[in-house]
>>> print(open('coords_35.cif').read())   # mmCIF, N, CA and C atoms
data_run
#
loop_
_atom_site.label_atom_id
_atom_site.label_comp_id
_atom_site.auth_asym_id
_atom_site.auth_seq_id
_atom_site.Cartn_x
_atom_site.Cartn_y
_atom_site.Cartn_z
N MET A 221 5.25 -68.16 11.23
CA MET A 221 4.37 -67.63 12.25
C MET A 221 5.03 -66.48 12.99
N LYS A 222 6.31 -66.64 13.30
CA LYS A 222 7.04 -65.59 14.00
C LYS A 222 7.11 -64.33 13.13
N TYR A 223 7.32 -64.53 11.84
CA TYR A 223 7.38 -63.41 10.89
C TYR A 223 6.05 -62.69 10.84
N MET A 224 4.95 -63.45 10.82
CA MET A 224 3.62 -62.86 10.75
C MET A 224 3.33 -62.05 12.01
N ARG A 225 3.69 -62.55 13.17
CA ARG A 225 3.48 -61.84 14.43
C ARG A 225 4.26 -60.52 14.44
N LEU A 226 5.50 -60.57 13.98
CA LEU A 226 6.33 -59.37 13.91
C LEU A 226 5.73 -58.35 12.95
N LEU A 227 5.22 -58.82 11.84
CA LEU A 227 4.59 -57.94 10.86
C LEU A 227 3.36 -57.26 11.46
N ILE A 228 2.55 -58.03 12.17
CA ILE A 228 1.34 -57.47 12.79
C ILE A 228 1.71 -56.45 13.86
N ILE A 229 2.69 -56.74 14.67
CA ILE A 229 3.13 -55.80 15.71
C ILE A 229 3.63 -54.51 15.07
N ASN A 230 4.43 -54.62 14.03
CA ASN A 230 4.92 -53.42 13.34
C ASN A 230 3.78 -52.60 12.77
N PHE A 231 2.81 -53.28 12.18
CA PHE A 231 1.66 -52.58 11.61
C PHE A 231 0.90 -51.82 12.69
N VAL A 232 0.64 -52.47 13.82
CA VAL A 232 -0.10 -51.85 14.90
C VAL A 232 0.65 -50.64 15.45
N VAL A 233 1.95 -50.76 15.64
CA VAL A 233 2.75 -49.66 16.16
C VAL A 233 2.72 -48.48 15.19
N VAL A 234 2.94 -48.75 13.91
CA VAL A 234 2.94 -47.68 12.91
C VAL A 234 1.56 -47.05 12.81
N PHE A 235 0.53 -47.88 12.82
CA PHE A 235 -0.84 -47.36 12.71
C PHE A 235 -1.17 -46.41 13.86
N PHE A 236 -0.90 -46.84 15.09
CA PHE A 236 -1.25 -46.00 16.23
C PHE A 236 -0.35 -44.79 16.38
N MET A 237 0.90 -44.90 15.99
CA MET A 237 1.78 -43.72 16.02
C MET A 237 1.29 -42.72 14.99
N GLY A 238 0.92 -43.20 13.82
CA GLY A 238 0.41 -42.32 12.78
C GLY A 238 -0.93 -41.74 13.14
N ALA A 239 -1.77 -42.54 13.80
CA ALA A 239 -3.10 -42.07 14.17
C ALA A 239 -3.04 -40.94 15.17
N SER A 240 -2.01 -40.91 16.00
CA SER A 240 -1.93 -39.84 17.01
C SER A 240 -1.62 -38.49 16.39
N THR A 241 -1.01 -38.48 15.19
CA THR A 241 -0.70 -37.22 14.54
C THR A 241 -1.66 -36.91 13.40
N PHE A 242 -2.57 -37.84 13.09
CA PHE A 242 -3.50 -37.66 11.99
C PHE A 242 -4.63 -36.73 12.40
N THR A 243 -4.95 -35.77 11.57
CA THR A 243 -6.04 -34.85 11.84
C THR A 243 -6.97 -34.84 10.65
N LEU A 244 -8.24 -35.01 10.89
CA LEU A 244 -9.21 -34.93 9.80
C LEU A 244 -9.34 -33.48 9.35
N ALA A 245 -9.46 -33.28 8.05
CA ALA A 245 -9.57 -31.93 7.51
C ALA A 245 -10.80 -31.21 8.08
N GLN A 246 -11.89 -31.96 8.34
CA GLN A 246 -13.09 -31.31 8.85
C GLN A 246 -12.91 -30.80 10.27
N ASP A 247 -11.95 -31.33 11.01
CA ASP A 247 -11.71 -30.90 12.38
C ASP A 247 -10.88 -29.62 12.46
N VAL A 248 -10.32 -29.19 11.36
CA VAL A 248 -9.43 -28.04 11.35
C VAL A 248 -10.24 -26.75 11.23
N LYS A 249 -10.03 -25.83 12.16
CA LYS A 249 -10.63 -24.50 12.09
C LYS A 249 -9.66 -23.59 11.37
N LEU A 250 -10.15 -22.84 10.41
CA LEU A 250 -9.30 -21.95 9.61
C LEU A 250 -9.45 -20.51 10.08
N SER A 251 -8.38 -19.76 9.95
CA SER A 251 -8.46 -18.32 10.12
C SER A 251 -7.78 -17.68 8.92
N ILE A 252 -8.29 -16.53 8.55
CA ILE A 252 -7.73 -15.77 7.43
C ILE A 252 -6.82 -14.72 8.02
N ILE A 253 -5.58 -14.71 7.58
CA ILE A 253 -4.61 -13.75 8.10
C ILE A 253 -4.15 -12.84 6.98
N GLY A 254 -3.76 -11.64 7.35
CA GLY A 254 -3.31 -10.69 6.36
C GLY A 254 -2.15 -9.86 6.85
N ASN A 255 -1.40 -9.35 5.91
CA ASN A 255 -0.31 -8.44 6.23
C ASN A 255 -0.90 -7.18 6.85
N MET A 256 -0.22 -6.64 7.82
CA MET A 256 -0.72 -5.49 8.58
C MET A 256 -0.91 -4.24 7.72
N GLU A 257 -0.18 -4.12 6.63
CA GLU A 257 -0.17 -2.87 5.87
C GLU A 257 -1.38 -2.65 4.97
N SER A 258 -1.78 -3.64 4.18
CA SER A 258 -2.73 -3.39 3.11
C SER A 258 -4.07 -4.09 3.22
N VAL A 259 -4.11 -5.18 3.91
CA VAL A 259 -5.29 -6.02 3.91
C VAL A 259 -6.35 -5.48 4.87
N ALA A 260 -7.60 -5.51 4.43
CA ALA A 260 -8.71 -5.00 5.24
C ALA A 260 -8.86 -5.81 6.53
N ASP A 261 -9.49 -5.20 7.53
CA ASP A 261 -9.72 -5.87 8.81
C ASP A 261 -10.90 -6.84 8.76
N GLU A 262 -11.86 -6.55 7.87
CA GLU A 262 -13.07 -7.37 7.76
C GLU A 262 -13.44 -7.55 6.30
N MET A 263 -14.03 -8.71 6.00
CA MET A 263 -14.53 -9.02 4.66
C MET A 263 -15.73 -9.93 4.81
N ASP A 264 -16.52 -10.01 3.73
CA ASP A 264 -17.51 -11.06 3.71
C ASP A 264 -16.94 -12.22 2.89
N MET A 265 -17.60 -13.35 2.90
CA MET A 265 -17.08 -14.55 2.25
C MET A 265 -16.91 -14.34 0.74
N ASP A 266 -17.81 -13.59 0.13
CA ASP A 266 -17.68 -13.34 -1.31
C ASP A 266 -16.42 -12.53 -1.63
N GLN A 267 -16.12 -11.51 -0.83
CA GLN A 267 -14.90 -10.72 -1.03
C GLN A 267 -13.66 -11.59 -0.83
N LEU A 268 -13.69 -12.45 0.18
CA LEU A 268 -12.57 -13.35 0.43
C LEU A 268 -12.34 -14.28 -0.75
N LYS A 269 -13.40 -14.86 -1.26
CA LYS A 269 -13.27 -15.78 -2.39
C LYS A 269 -12.74 -15.07 -3.63
N LEU A 270 -13.18 -13.83 -3.86
CA LEU A 270 -12.66 -13.06 -5.00
C LEU A 270 -11.15 -12.90 -4.90
N ALA A 271 -10.67 -12.58 -3.70
CA ALA A 271 -9.23 -12.38 -3.49
C ALA A 271 -8.47 -13.69 -3.61
N LEU A 272 -8.97 -14.74 -2.97
CA LEU A 272 -8.23 -16.00 -2.94
C LEU A 272 -8.33 -16.80 -4.24
N ARG A 273 -9.30 -16.50 -5.07
CA ARG A 273 -9.40 -17.17 -6.38
C ARG A 273 -8.65 -16.41 -7.47
N GLY A 274 -8.08 -15.27 -7.11
CA GLY A 274 -7.33 -14.49 -8.10
C GLY A 274 -8.21 -13.61 -8.96
N GLU A 275 -9.49 -13.52 -8.64
CA GLU A 275 -10.41 -12.70 -9.42
C GLU A 275 -10.25 -11.22 -9.09
N LYS A 276 -9.81 -10.93 -7.88
CA LYS A 276 -9.46 -9.57 -7.48
C LYS A 276 -7.94 -9.54 -7.37
N GLN A 277 -7.30 -8.62 -8.07
CA GLN A 277 -5.85 -8.60 -8.17
C GLN A 277 -5.17 -7.62 -7.21
N ARG A 278 -5.91 -6.59 -6.77
CA ARG A 278 -5.32 -5.53 -5.95
C ARG A 278 -6.24 -5.15 -4.80
N TRP A 279 -5.61 -4.76 -3.68
CA TRP A 279 -6.36 -4.23 -2.55
C TRP A 279 -6.79 -2.81 -2.87
N ASP A 280 -7.64 -2.23 -2.05
CA ASP A 280 -8.17 -0.88 -2.30
C ASP A 280 -7.07 0.17 -2.39
N ASP A 281 -5.93 -0.04 -1.70
CA ASP A 281 -4.84 0.94 -1.77
C ASP A 281 -3.91 0.71 -2.97
N GLY A 282 -4.23 -0.25 -3.82
CA GLY A 282 -3.44 -0.52 -5.02
C GLY A 282 -2.38 -1.59 -4.86
N THR A 283 -2.16 -2.07 -3.66
CA THR A 283 -1.16 -3.12 -3.42
C THR A 283 -1.62 -4.43 -4.05
N SER A 284 -0.69 -5.11 -4.70
CA SER A 284 -0.97 -6.40 -5.33
C SER A 284 -1.30 -7.45 -4.28
N ILE A 285 -2.34 -8.24 -4.54
CA ILE A 285 -2.73 -9.32 -3.63
C ILE A 285 -1.80 -10.51 -3.86
N LYS A 286 -1.22 -11.01 -2.78
CA LYS A 286 -0.35 -12.19 -2.84
C LYS A 286 -0.99 -13.26 -1.96
N ILE A 287 -1.30 -14.40 -2.57
CA ILE A 287 -2.02 -15.47 -1.90
C ILE A 287 -1.04 -16.46 -1.29
N ALA A 288 -1.27 -16.80 -0.02
CA ALA A 288 -0.44 -17.77 0.70
C ALA A 288 -1.34 -18.89 1.21
N LEU A 289 -1.02 -20.12 0.81
CA LEU A 289 -1.83 -21.28 1.19
C LEU A 289 -0.94 -22.40 1.69
N MET A 290 -1.51 -23.24 2.53
CA MET A 290 -0.84 -24.47 2.91
C MET A 290 -0.94 -25.44 1.73
N LYS A 291 0.04 -26.32 1.59
CA LYS A 291 -0.02 -27.31 0.52
C LYS A 291 -1.30 -28.12 0.66
N THR A 292 -1.86 -28.50 -0.48
CA THR A 292 -3.15 -29.18 -0.47
C THR A 292 -3.09 -30.57 0.16
N SER A 293 -1.91 -31.07 0.43
CA SER A 293 -1.77 -32.38 1.08
C SER A 293 -1.83 -32.29 2.60
N THR A 294 -1.81 -31.08 3.16
CA THR A 294 -1.86 -30.89 4.61
C THR A 294 -3.32 -30.80 5.06
N PRO A 295 -3.61 -31.06 6.34
CA PRO A 295 -4.99 -30.92 6.82
C PRO A 295 -5.55 -29.51 6.61
N VAL A 296 -4.75 -28.49 6.85
CA VAL A 296 -5.22 -27.11 6.63
C VAL A 296 -5.46 -26.88 5.14
N GLY A 297 -4.57 -27.38 4.30
CA GLY A 297 -4.74 -27.24 2.86
C GLY A 297 -5.99 -27.94 2.36
N LYS A 298 -6.25 -29.13 2.85
CA LYS A 298 -7.45 -29.88 2.46
C LYS A 298 -8.71 -29.14 2.89
N ARG A 299 -8.71 -28.63 4.12
CA ARG A 299 -9.88 -27.89 4.62
C ARG A 299 -10.09 -26.60 3.84
N THR A 300 -9.00 -25.94 3.47
CA THR A 300 -9.08 -24.73 2.65
C THR A 300 -9.74 -25.03 1.31
N CYS A 301 -9.31 -26.12 0.69
CA CYS A 301 -9.89 -26.53 -0.60
C CYS A 301 -11.40 -26.73 -0.47
N GLU A 302 -11.81 -27.41 0.59
CA GLU A 302 -13.22 -27.71 0.80
C GLU A 302 -14.03 -26.46 1.13
N LYS A 303 -13.56 -25.71 2.10
CA LYS A 303 -14.35 -24.61 2.68
C LYS A 303 -14.37 -23.36 1.80
N ILE A 304 -13.24 -23.02 1.20
CA ILE A 304 -13.15 -21.76 0.47
C ILE A 304 -13.27 -21.95 -1.04
N TYR A 305 -12.65 -22.98 -1.55
CA TYR A 305 -12.62 -23.16 -3.01
C TYR A 305 -13.67 -24.14 -3.53
N ASP A 306 -14.29 -24.92 -2.66
CA ASP A 306 -15.23 -25.96 -3.08
C ASP A 306 -14.62 -26.88 -4.13
N MET A 307 -13.36 -27.27 -3.89
CA MET A 307 -12.62 -28.12 -4.82
C MET A 307 -11.80 -29.13 -4.02
N SER A 308 -11.32 -30.14 -4.74
CA SER A 308 -10.34 -31.05 -4.14
C SER A 308 -8.96 -30.40 -4.29
N GLY A 309 -7.97 -30.99 -3.66
CA GLY A 309 -6.61 -30.47 -3.79
C GLY A 309 -6.12 -30.49 -5.23
N ASN A 310 -6.38 -31.58 -5.94
CA ASN A 310 -5.97 -31.68 -7.34
C ASN A 310 -6.68 -30.65 -8.20
N GLU A 311 -7.97 -30.45 -7.95
CA GLU A 311 -8.73 -29.46 -8.71
C GLU A 311 -8.18 -28.06 -8.47
N LEU A 312 -7.82 -27.75 -7.23
CA LEU A 312 -7.27 -26.42 -6.92
C LEU A 312 -5.93 -26.21 -7.64
N ASN A 313 -5.08 -27.22 -7.60
CA ASN A 313 -3.78 -27.11 -8.28
C ASN A 313 -3.99 -26.89 -9.79
N LYS A 314 -4.91 -27.61 -10.40
CA LYS A 314 -5.20 -27.45 -11.84
C LYS A 314 -5.79 -26.08 -12.12
N TYR A 315 -6.65 -25.60 -11.22
CA TYR A 315 -7.29 -24.29 -11.36
C TYR A 315 -6.22 -23.19 -11.47
N PHE A 316 -5.30 -23.19 -10.51
CA PHE A 316 -4.26 -22.16 -10.52
C PHE A 316 -3.26 -22.37 -11.66
N LEU A 317 -2.97 -23.60 -11.99
CA LEU A 317 -2.07 -23.86 -13.11
C LEU A 317 -2.64 -23.27 -14.40
N ALA A 318 -3.93 -23.45 -14.62
CA ALA A 318 -4.57 -22.90 -15.81
C ALA A 318 -4.53 -21.37 -15.81
N LEU A 319 -4.84 -20.75 -14.67
CA LEU A 319 -4.82 -19.29 -14.60
C LEU A 319 -3.42 -18.72 -14.80
N VAL A 320 -2.43 -19.36 -14.22
CA VAL A 320 -1.04 -18.90 -14.37
C VAL A 320 -0.60 -19.07 -15.81
N PHE A 321 -0.94 -20.21 -16.42
CA PHE A 321 -0.57 -20.47 -17.82
C PHE A 321 -1.19 -19.44 -18.76
N GLN A 322 -2.42 -19.01 -18.45
CA GLN A 322 -3.10 -18.01 -19.26
C GLN A 322 -2.61 -16.59 -18.98
N GLY A 323 -1.77 -16.44 -17.97
CA GLY A 323 -1.23 -15.13 -17.62
C GLY A 323 -2.20 -14.26 -16.84
N LYS A 324 -3.24 -14.86 -16.26
CA LYS A 324 -4.25 -14.09 -15.54
C LYS A 324 -3.87 -13.77 -14.11
N VAL A 325 -3.10 -14.65 -13.46
CA VAL A 325 -2.69 -14.44 -12.07
C VAL A 325 -1.28 -14.95 -11.86
N LYS A 326 -0.69 -14.52 -10.75
CA LYS A 326 0.57 -15.11 -10.30
C LYS A 326 0.21 -16.28 -9.41
N ALA A 327 1.02 -17.30 -9.42
CA ALA A 327 0.75 -18.49 -8.62
C ALA A 327 0.77 -18.15 -7.14
N PRO A 328 -0.12 -18.76 -6.37
CA PRO A 328 -0.05 -18.60 -4.91
C PRO A 328 1.24 -19.21 -4.39
N SER A 329 1.64 -18.79 -3.22
CA SER A 329 2.77 -19.42 -2.55
C SER A 329 2.20 -20.52 -1.66
N PHE A 330 2.74 -21.73 -1.79
CA PHE A 330 2.28 -22.87 -1.00
C PHE A 330 3.34 -23.23 0.03
N PHE A 331 2.90 -23.57 1.25
CA PHE A 331 3.82 -23.82 2.36
C PHE A 331 3.57 -25.17 3.01
N ASN A 332 4.62 -25.71 3.62
CA ASN A 332 4.55 -26.97 4.35
C ASN A 332 4.15 -26.77 5.81
N SER A 333 4.43 -25.59 6.37
CA SER A 333 4.15 -25.37 7.78
C SER A 333 3.45 -24.03 7.99
N ILE A 334 2.67 -24.00 9.07
CA ILE A 334 1.95 -22.77 9.43
C ILE A 334 2.94 -21.64 9.72
N SER A 335 4.04 -21.95 10.39
CA SER A 335 5.01 -20.91 10.74
C SER A 335 5.63 -20.28 9.49
N GLU A 336 5.92 -21.09 8.47
CA GLU A 336 6.45 -20.54 7.21
C GLU A 336 5.42 -19.64 6.54
N LEU A 337 4.17 -20.10 6.51
CA LEU A 337 3.10 -19.31 5.89
C LEU A 337 2.92 -17.99 6.63
N GLU A 338 2.87 -18.04 7.95
CA GLU A 338 2.65 -16.82 8.72
C GLU A 338 3.82 -15.86 8.62
N SER A 339 5.01 -16.37 8.54
CA SER A 339 6.19 -15.53 8.37
C SER A 339 6.14 -14.82 7.01
N TYR A 340 5.77 -15.55 5.98
CA TYR A 340 5.64 -14.97 4.64
C TYR A 340 4.60 -13.84 4.64
N VAL A 341 3.43 -14.11 5.23
CA VAL A 341 2.36 -13.10 5.24
C VAL A 341 2.80 -11.86 6.01
N SER A 342 3.46 -12.04 7.14
CA SER A 342 3.86 -10.87 7.93
C SER A 342 4.92 -10.02 7.24
N SER A 343 5.74 -10.63 6.39
CA SER A 343 6.82 -9.88 5.74
C SER A 343 6.52 -9.46 4.30
N THR A 344 5.32 -9.77 3.80
CA THR A 344 5.00 -9.49 2.40
C THR A 344 3.80 -8.56 2.30
N PRO A 345 4.02 -7.31 1.90
CA PRO A 345 2.89 -6.38 1.74
C PRO A 345 1.86 -6.94 0.76
N GLY A 346 0.59 -6.85 1.15
CA GLY A 346 -0.51 -7.32 0.31
C GLY A 346 -0.82 -8.80 0.45
N ALA A 347 -0.06 -9.51 1.29
CA ALA A 347 -0.27 -10.95 1.42
C ALA A 347 -1.50 -11.27 2.26
N ILE A 348 -2.22 -12.29 1.81
CA ILE A 348 -3.34 -12.84 2.55
C ILE A 348 -3.16 -14.35 2.56
N GLY A 349 -3.46 -14.97 3.68
CA GLY A 349 -3.26 -16.40 3.78
C GLY A 349 -4.34 -17.09 4.58
N VAL A 350 -4.40 -18.40 4.42
CA VAL A 350 -5.32 -19.22 5.18
C VAL A 350 -4.48 -20.06 6.13
N SER A 351 -4.75 -19.89 7.42
CA SER A 351 -3.96 -20.55 8.44
C SER A 351 -4.88 -21.34 9.36
N GLN A 352 -4.30 -22.07 10.27
CA GLN A 352 -5.08 -22.77 11.27
C GLN A 352 -5.38 -21.78 12.40
N SER A 353 -6.60 -21.80 12.89
CA SER A 353 -6.99 -20.89 13.96
C SER A 353 -6.09 -21.05 15.15
N SER A 354 -5.58 -19.91 15.63
CA SER A 354 -4.67 -19.93 16.77
C SER A 354 -4.62 -18.54 17.37
N ALA A 355 -4.51 -18.49 18.67
CA ALA A 355 -4.37 -17.20 19.35
C ALA A 355 -2.94 -16.69 19.23
N GLU A 356 -2.04 -17.50 18.71
CA GLU A 356 -0.63 -17.15 18.67
C GLU A 356 -0.18 -16.51 17.35
N SER A 357 -1.09 -16.24 16.44
CA SER A 357 -0.71 -15.71 15.14
C SER A 357 0.00 -14.36 15.28
N ILE A 358 1.03 -14.17 14.46
CA ILE A 358 1.77 -12.92 14.45
C ILE A 358 1.17 -11.92 13.47
N ASN A 359 0.12 -12.33 12.78
CA ASN A 359 -0.49 -11.51 11.75
C ASN A 359 -1.87 -11.00 12.17
N LYS A 360 -2.37 -10.09 11.37
CA LYS A 360 -3.72 -9.59 11.56
C LYS A 360 -4.69 -10.71 11.18
N ILE A 361 -5.61 -11.02 12.06
CA ILE A 361 -6.65 -11.99 11.74
C ILE A 361 -7.81 -11.21 11.16
N ILE A 362 -8.22 -11.61 9.96
CA ILE A 362 -9.28 -10.92 9.24
C ILE A 362 -10.62 -11.54 9.63
N ILE A 363 -11.57 -10.70 9.98
CA ILE A 363 -12.90 -11.14 10.35
C ILE A 363 -13.68 -11.40 9.06
N ILE A 364 -14.23 -12.61 8.96
CA ILE A 364 -15.02 -12.99 7.77
C ILE A 364 -16.47 -13.21 8.21
N ASP A 365 -17.37 -12.43 7.66
CA ASP A 365 -18.79 -12.50 8.03
C ASP A 365 -18.98 -12.47 9.55
N GLY A 366 -18.20 -11.65 10.23
CA GLY A 366 -18.32 -11.49 11.67
C GLY A 366 -17.63 -12.54 12.51
N ASN A 367 -16.90 -13.47 11.88
CA ASN A 367 -16.26 -14.56 12.61
C ASN A 367 -14.74 -14.52 12.44
N LYS A 368 -14.03 -14.93 13.51
CA LYS A 368 -12.57 -15.02 13.45
C LYS A 368 -12.08 -16.32 12.85
N SER A 369 -12.95 -17.32 12.78
CA SER A 369 -12.53 -18.60 12.20
C SER A 369 -13.64 -19.15 11.32
N LEU A 370 -13.23 -20.02 10.42
CA LEU A 370 -14.19 -20.65 9.49
C LEU A 370 -14.31 -22.12 9.81
#
>>> encode(input="coords_35.cif", output="structure tokens")
Amino acid sequence: MKYMRLLIINFVVVFFMGASTFTLAQDVKLSIIGNMESVADEMDMDQLKLALRGEKQRWDDGTSIKIALMKTSTPVGKRTCEKIYDMSGNELNKYFLALVFQGKVKAPSFFNSISELESYVSSTPGAIGVSQSSAESINKIIIIDGNKSL
């Protein structure tokens, strides 16, 4: 009985500690960020999808498009999969694996943290990324269909 009580207490503590940091993917607002040098200030959703799916390889100035995404296991990554790619995380990983294997695109860069992703985008010409909406971004926020967030 004592063991069972201890087990229940541990479960409750772990559950509530985890619940305080858990974020549903649907609650995450996304913003599209781009490197200051090459990426356009505004796009429509179709143009964004062309770039992020690897169907468009270069910006208008000829700079190669480099895709930066959060790992599909993160809340931002999950929301990106749903909102932009209309895929699950596993489907997105398979999608890019197939394209890379066929030699059609270079693999996107995947990140564990927003700060790593934003640092990469700011220092990489032609980079475009999907980040969590924030007023603190160090990058250019790209307006999509007239909106700063998705």
>>> axis_aligned_box(input="coords_35.cif", around="range 337-353 of chain A", padding_each_side="6 Å", output="AutoDock Vina command-line options")
--center_x -0.1 --center_y -14.6 --center_z 7.7 --size_x 25.8 --size_y 28.4 --size_z 26.8
>>> resolve_selection(input="coords_35.cif", expression="the PyMOL selection byres ((chain A and resi 261) around 6.5)", output="MDAnalysis selection string")
chainID A and resid 259:260 262:263 361:363
>>> write_last_selection(input="coords_35.cif", atoms="N, CA and C atoms", output="PDB file, in the frame of the given file")
ATOM      1  N   VAL A 259      -4.110  -5.180   3.910  1.00  0.00           N
ATOM      2  CA  VAL A 259      -5.290  -6.020   3.910  1.00  0.00           C
ATOM      3  C   VAL A 259      -6.350  -5.480   4.870  1.00  0.00           C
ATOM      4  N   ALA A 260      -7.600  -5.510   4.430  1.00  0.00           N
ATOM      5  CA  ALA A 260      -8.710  -5.000   5.240  1.00  0.00           C
ATOM      6  C   ALA A 260      -8.860  -5.810   6.530  1.00  0.00           C
ATOM      7  N   GLU A 262     -11.860  -6.550   7.870  1.00  0.00           N
ATOM      8  CA  GLU A 262     -13.070  -7.370   7.760  1.00  0.00           C
ATOM      9  C   GLU A 262     -13.440  -7.550   6.300  1.00  0.00           C
ATOM     10  N   MET A 263     -14.030  -8.710   6.000  1.00  0.00           N
ATOM     11  CA  MET A 263     -14.530  -9.020   4.660  1.00  0.00           C
ATOM     12  C   MET A 263     -15.730  -9.930   4.810  1.00  0.00           C
ATOM     13  N   ILE A 361      -5.610 -11.020  12.060  1.00  0.00           N
ATOM     14  CA  ILE A 361      -6.650 -11.990  11.740  1.00  0.00           C
ATOM     15  C   ILE A 361      -7.810 -11.210  11.160  1.00  0.00           C
ATOM     16  N   ILE A 362      -8.220 -11.610   9.960  1.00  0.00           N
ATOM     17  CA  ILE A 362      -9.280 -10.920   9.240  1.00  0.00           C
ATOM     18  C   ILE A 362     -10.620 -11.540   9.630  1.00  0.00           C
ATOM     19  N   ILE A 363     -11.570 -10.700   9.980  1.00  0.00           N
ATOM     20  CA  ILE A 363     -12.900 -11.140  10.350  1.00  0.00           C
ATOM     21  C   ILE A 363     -13.680 -11.400   9.060  1.00  0.00           C
TER      22      ILE A 363
END
>>> resolve_selection(input="coords_35.cif", expression="the PyMOL selection byres ((chain A and resi 273-290) around 6)", output="PyMOL selection string")
chain A and resi 268-272+291-294+296-297+328-332+345-350
>>> closest_residue(input="coords_35.cif", among="A:Ile364, A:Val341, A:Leu370, A:Ile304", to="Asn255 in chain A", atoms="only N, CA and C atoms")
A:Val341
>>> select_by_dssp(input="coords_35.cif", residues="range 257-370 of chain A", states="strand (DSSP E)", output="PyMOL selection string")
chain A and resi 262-263+286-290+329-331+347-352+360-364
>>> closest_residue(input="coords_35.cif", among="A:Leu312, A:Leu250, A:Ile358, A:Ala327", to="Arg299 in chain A", atoms="only C-alpha atoms")
A:Leu250
>>> closest_residue(input="coords_35.cif", among="A:Ser343, A:Ser351, A:Asn367, A:Ser335", to="Asp264 in chain A", atoms="only C-alpha atoms")
A:Asn367
>>> select_by_dssp(input="coords_35.cif", residues="range 270-351 of chain A", states="helix (DSSP H, G or I)", output="PyMOL selection string")
chain A and resi 270-272+295-305+309-321+334-343
>>> atom_distance(input="coords_35.cif", atom1="CA of Val320 in chain A", atom2="CA of Met256 in chain A")
26.6 Å
>>> closest_residue(input="coords_35.cif", among="A:Asp365, A:Lys249, A:Ser353, A:Lys298", to="Gln267 in chain A", atoms="only C-alpha atoms")
A:Asp365
